[in-house]
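Okay, structure first, notes after.
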Amino acid sequence: MSLVLGIGLRSGTSYRELRDLVDSALAGLEPAGVTLIVTVDGKETEPGLQRLAASLGAPLFTATKLELSQQPVPTPSAQVDRLAGTASVAEAAVVLTGAELLVLKQASARATVAIGRLPEDAAAESPVNEATAAPGYPVGERDVVHRVLAERRDVRRGFLDRPIADDVLTRVLESAHRAPSVGLSQPWDFVLIRDVATRRKIHDLATAQRDAFAASLPADRRSAFDGLKIEAILETPLNIAVTCDPGRGGRHVLGRHADPRTTWFSAAIAVQNLWLAARAEGLGVGWVSFFEPGEVAGVLDLPAHVELVGYLCVGHVEQFAAAPELVRSGWAARRPLSWAVHQEAWGQRGLPGVEPGAVISGDATAATGEVQAGGAQTVRLIVAEVAAAAQLEQAEALVVQVGAERPEADYGVLWRPARTVDEAVEHGVEVARDLVLQGVGTIQLELASDSAEAAGMARGVRLGALACGVAVTVASLWRDRAPDEPAEVTHSSA
Ligand SMILES: Cc1cc2nc3c(=O)[nH]c(=O)nc-3n(C[C@H](O)[C@H](O)[C@H](O)COP(=O)(O)O)c2cc1C
């Protein structure tokens with residue numbers, strides 16, 4: 001039987017408390033049967049929960065508050081609804097997966113758990129669900145494909161001192177070589193690099209780029225980055241450089257004439273095929289892009305018409321983490337799927353079967369996250385119709401240009417041409433979320449335009465900051481302020 005655990009928890013809940021709660025709720029059900037853990041967005045970085053997932057060997061997935069709030073639950077709680085924006089995180093998380101609820105919500109001091117039986121078992125037994133399976137892909141096999149997709153990880157640690165057998169590597173390369181490509185041009189090649197001297201040279205290039213990136217970061221973002229491992233060039237027995245020959249296939253490549261970028265898309269898909277096939281073989285793959293591609297080309301003696309697309313470190317690993325390392329370390333977070341799916345045209349967001357709407361601002365409004373300690377960084381966020389050169393010279397500032405005209409400068413300007421106020425609000429939510437995820441704890445918001453779109457952007461920034469559960473102070477809201485006029489504090493969301 002495949003079980004799913006739905007878990008709601010307060011920040012800082014210990015592994016011990018979670019494990020005791022889960023063991024008591026399982027009451028006779030096999031812990032080994034747990035194949036999935038689901039919680040609400042943002043809690044996946046909780047160390048106690050991460051450890052629980054690792055101890056049960058089950059992947060950890062998250063759902064948005066909005067998704068959870070839409071699930072009917074047998075044991076709703078008005079208090080949880082008020083605090084978490086959904087009537088029961090634990091039960092809703094189980095129901096969302098399509099599982100049958102076996103154990104209703106049980107609570108400890110700081111956490112709740114509910115247990116469900118996943119439909120894959122029901123599906124395997126049910127002729128109705130089996131009938132929906134594609135020909136040649138019984139439900140169980142179909143699920144394995146989705147499992148490989150979900151459990152592929154970018155791996156940089158924990159490589160084993162074990163060579164990769166030739167037949168294993170050949171299978172992986174065959175899968176990579178089966179990738180779709182524009183006009184069947186197959187623009188990729190795979191350079192297999194085992195020689196330590198060559199890998200040392202490549203490692204030196206990556207180290208130089210790492211240092212340059214670190215130097216470009218604000219102090220506390222930099223200390224977070226210092227704790228991250230960004231490559232495993234020397235720890236893996238094999239590196240693979242995936243290249244692209246943009247001229248492959250000659251002049252009349254079907255489908256490339258209108259969009260030459262399709263050649264590079266094709267090579268990138270070959271990398272993804274390789275990555276997935278490697279996962280199924282127990283091989284970890286880490287993609288390293290801390291390079292100036294021409295320098296790698298020089299070390300590998302690539303001909304001038306061939307370009308580097310991906311540099312991969314490959315080796316056997318004992319286990320694959322349940323969530324991306326950047327999520328586990330708190331460096332980044334996943335964007336909810338419902339924000340990325342638009343129905344018919346841009347902006348009508350929503351998952352299949354759900355009435356489309358203003359999902360981003362709706363989610364942000366519904367979120368009443370617990371306020372946690374915010375990052376130490378401060379960012380001056382200047383919302384302008386058109387970015388002014390003087391604004392771009394301020395290193396601590398991020399200029400968001402809401403006007404329709406594409407900015408001339410690439411750096412320091414985030415172009416978010418808002419066509420409506422609603423769109424501006426959504427852009428604002430996303431900008432704030434990205435900043436908070438990057439360790440920003442204070443946003444000093446400056447409106448350099450009095451357009452309705454700029455005001456909408458400001459509203460979205462405040463909404464998004466609050467929704468992230470971080471005490472973000474919108475310190476100043478300046479409108480047409482003379483240079484020597486003191487900033488007027490008009491809003492504080494701390
Ligand atoms: C084009 C590309 C370049 C990447 N470059 C690096 C890199 O230089 N260093 C690194 O540590 N991870 C790199 N990654 C890995 C991403 O950080 C990783 O895919 C992402 O955090 C999601 O984690 P997951 O792949 O485990 O799901 C890269 C990924 C891609 C697709």
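Ordering of the structure tokens sets the chain letters (A, B, ...); residue numbers start at 1 within each chain; ligands are numbered from 1 in the order shown.
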
task = Identify, counting only C-alpha atoms and all ligand atoms, the protein, DNA and RNA residues located within 10 Å of ligand 1, and give them as a PyMOL selection string.
result = chain A and resi 149-156+206+209-210+228-232+268+271-272+275+284-291+309-312+320-328+331-334

Give me a file of those residues, with C-alpha atoms, as a short mmCIF file (atom, residue, chain, number, x, y, z; two decimals), in the first residue's frame.
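result.cif written:
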```cif
data_model
loop_
_atom_site.label_atom_id
_atom_site.label_comp_id
_atom_site.auth_asym_id
_atom_site.auth_seq_id
_atom_site.Cartn_x
_atom_site.Cartn_y
_atom_site.Cartn_z
CA LEU A 149 10.78 13.20 -13.32
CA ALA A 150 9.94 14.13 -9.73
CA GLU A 151 12.97 12.47 -8.21
CA ARG A 152 15.61 13.77 -10.64
CA ARG A 153 17.91 16.06 -8.70
CA ASP A 154 20.85 18.29 -9.41
CA VAL A 155 23.50 16.53 -7.32
CA ARG A 156 26.73 18.04 -6.02
CA ALA A 206 34.76 27.35 -12.26
CA GLN A 209 33.81 32.38 -11.79
CA ARG A 210 32.56 31.38 -8.36
CA LEU A 228 26.64 26.29 -1.19
CA LYS A 229 28.47 23.76 -3.29
CA ILE A 230 28.14 24.64 -6.95
CA GLU A 231 30.06 21.87 -8.69
CA ALA A 232 31.52 18.39 -8.23
CA ALA A 268 19.32 21.52 -23.79
CA VAL A 271 20.89 17.30 -21.43
CA GLN A 272 17.53 16.75 -19.76
CA TRP A 275 19.78 13.73 -16.62
CA GLY A 284 23.75 11.74 -9.89
CA VAL A 285 24.24 14.61 -12.34
CA GLY A 286 25.21 18.18 -11.48
CA TRP A 287 25.04 20.89 -14.14
CA VAL A 288 27.81 23.49 -13.76
CA SER A 289 27.45 26.80 -15.56
CA PHE A 290 30.06 28.80 -13.67
CA PHE A 291 32.09 29.23 -16.85
CA VAL A 309 25.81 24.09 -23.79
CA GLY A 310 26.12 22.14 -20.56
CA TYR A 311 28.94 20.87 -18.36
CA LEU A 312 27.83 17.91 -16.27
CA PHE A 320 18.90 11.49 -4.04
CA ALA A 321 17.59 14.33 -1.91
CA ALA A 322 13.84 14.80 -1.67
CA ALA A 323 14.01 18.47 -2.63
CA PRO A 324 16.42 20.67 -4.62
CA GLU A 325 19.51 21.65 -2.65
CA LEU A 326 18.72 25.33 -3.19
CA VAL A 327 15.34 24.76 -1.53
CA ARG A 328 16.81 22.80 1.36
CA TRP A 331 18.48 29.90 -1.11
CA ALA A 332 15.45 29.62 -3.38
CA ALA A 333 11.94 28.17 -3.49
CA ARG A 334 9.73 26.60 -6.08
#
```

task = Using only C-alpha atoms, pick whichever of A:Gly298, A:Pro135, A:Gly315, A:Pro187 has the shortest atom-to-atom distance to Gly158 (chain A).
result = A:Gly315

request  = Run DSSP on the backbone and give me the residues of region 221-303 of chain A it puts in helix (DSSP H, G or I), as number ranges by chain.
outcome  = A: 221-226, 261-280, 293-300

request  = Extract the full set of strand (DSSP E) residues from region 199-279 of chain A according to DSSP on the backbone, and format it as a list in words.
outcome  = Leu238, Asn239, Ile240, Ala241, Val242, Thr243 and Cys244 of chain A

Would you write out those residues with N, CA and C atoms, as a PDB file, in the first residue's frame?
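The resulting selection-v6.pdb:
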```
ATOM      1  N   LEU A 238      33.382  11.128 -13.786  1.00  0.00           N
ATOM      2  CA  LEU A 238      33.139  11.480 -15.186  1.00  0.00           C
ATOM      3  C   LEU A 238      32.512  12.863 -15.293  1.00  0.00           C
ATOM      4  N   ASN A 239      33.048  13.668 -16.194  1.00  0.00           N
ATOM      5  CA  ASN A 239      32.397  14.936 -16.559  1.00  0.00           C
ATOM      6  C   ASN A 239      31.972  14.791 -18.024  1.00  0.00           C
ATOM      7  N   ILE A 240      30.830  15.363 -18.344  1.00  0.00           N
ATOM      8  CA  ILE A 240      30.374  15.329 -19.749  1.00  0.00           C
ATOM      9  C   ILE A 240      30.081  16.750 -20.200  1.00  0.00           C
ATOM     10  N   ALA A 241      30.759  17.166 -21.274  1.00  0.00           N
ATOM     11  CA  ALA A 241      30.441  18.464 -21.873  1.00  0.00           C
ATOM     12  C   ALA A 241      29.476  18.213 -23.020  1.00  0.00           C
ATOM     13  N   VAL A 242      28.294  18.819 -22.946  1.00  0.00           N
ATOM     14  CA  VAL A 242      27.322  18.689 -24.038  1.00  0.00           C
ATOM     15  C   VAL A 242      27.446  19.949 -24.886  1.00  0.00           C
ATOM     16  N   THR A 243      27.690  19.752 -26.175  1.00  0.00           N
ATOM     17  CA  THR A 243      27.958  20.894 -27.050  1.00  0.00           C
ATOM     18  C   THR A 243      26.840  21.071 -28.070  1.00  0.00           C
ATOM     19  N   CYS A 244      26.893  22.199 -28.773  1.00  0.00           N
ATOM     20  CA  CYS A 244      25.902  22.469 -29.813  1.00  0.00           C
ATOM     21  C   CYS A 244      26.617  22.979 -31.059  1.00  0.00           C
TER      22      CYS A 244
END
```

key: Spatial neighbours of Leu337 (chain A), max dist 9 Å, only C-alpha atoms, sep filter under 3 positions, as a VMD selection string   = chain A and resid 63 to 64 334 340 to 341 350 to 351

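With distances restricted to only C-alpha atoms, A:Glu307 is the closest residue to Val191 (chain A) from A:Glu46, A:Glu307, A:Asp434, A:Glu396.
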
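Nearest residue to Gly294 (chain A), choosing from A:Ala53, A:Leu184, A:Ile202, A:Leu274 and counting only C-alpha atoms: A:Ile202.
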
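Minimum atom-to-atom distance to Gly57 (chain A), evaluated using only C-alpha atoms, belongs to A:Pro31 out of A:Gly140, A:Pro74, A:Pro31, A:Gly98.
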
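For Ala25 (chain A), the non-local neighbours within 12 Å, defined as residues at least 2 positions apart in the same chain or in other chains and counting only C-alpha atoms, are Leu5, Gly6, Ile7, Leu18, Arg19, Asp20, Leu21, Val22, Asp23, Ala27, Gly28, Leu29, Glu30, Pro31, Leu102, Val103, Leu104, Lys105, Gln106, Ala107, Ser108, Thr112, Val113, Ala114, Ile115 and Gly116 of chain A.
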
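One finds CA of Phe225 (chain A) at 27.4 Å from CA of Ile193 (chain A).
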
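Relative to CA of His316 (chain A), CA of Gly48 (chain A) is found at 27.1 Å.
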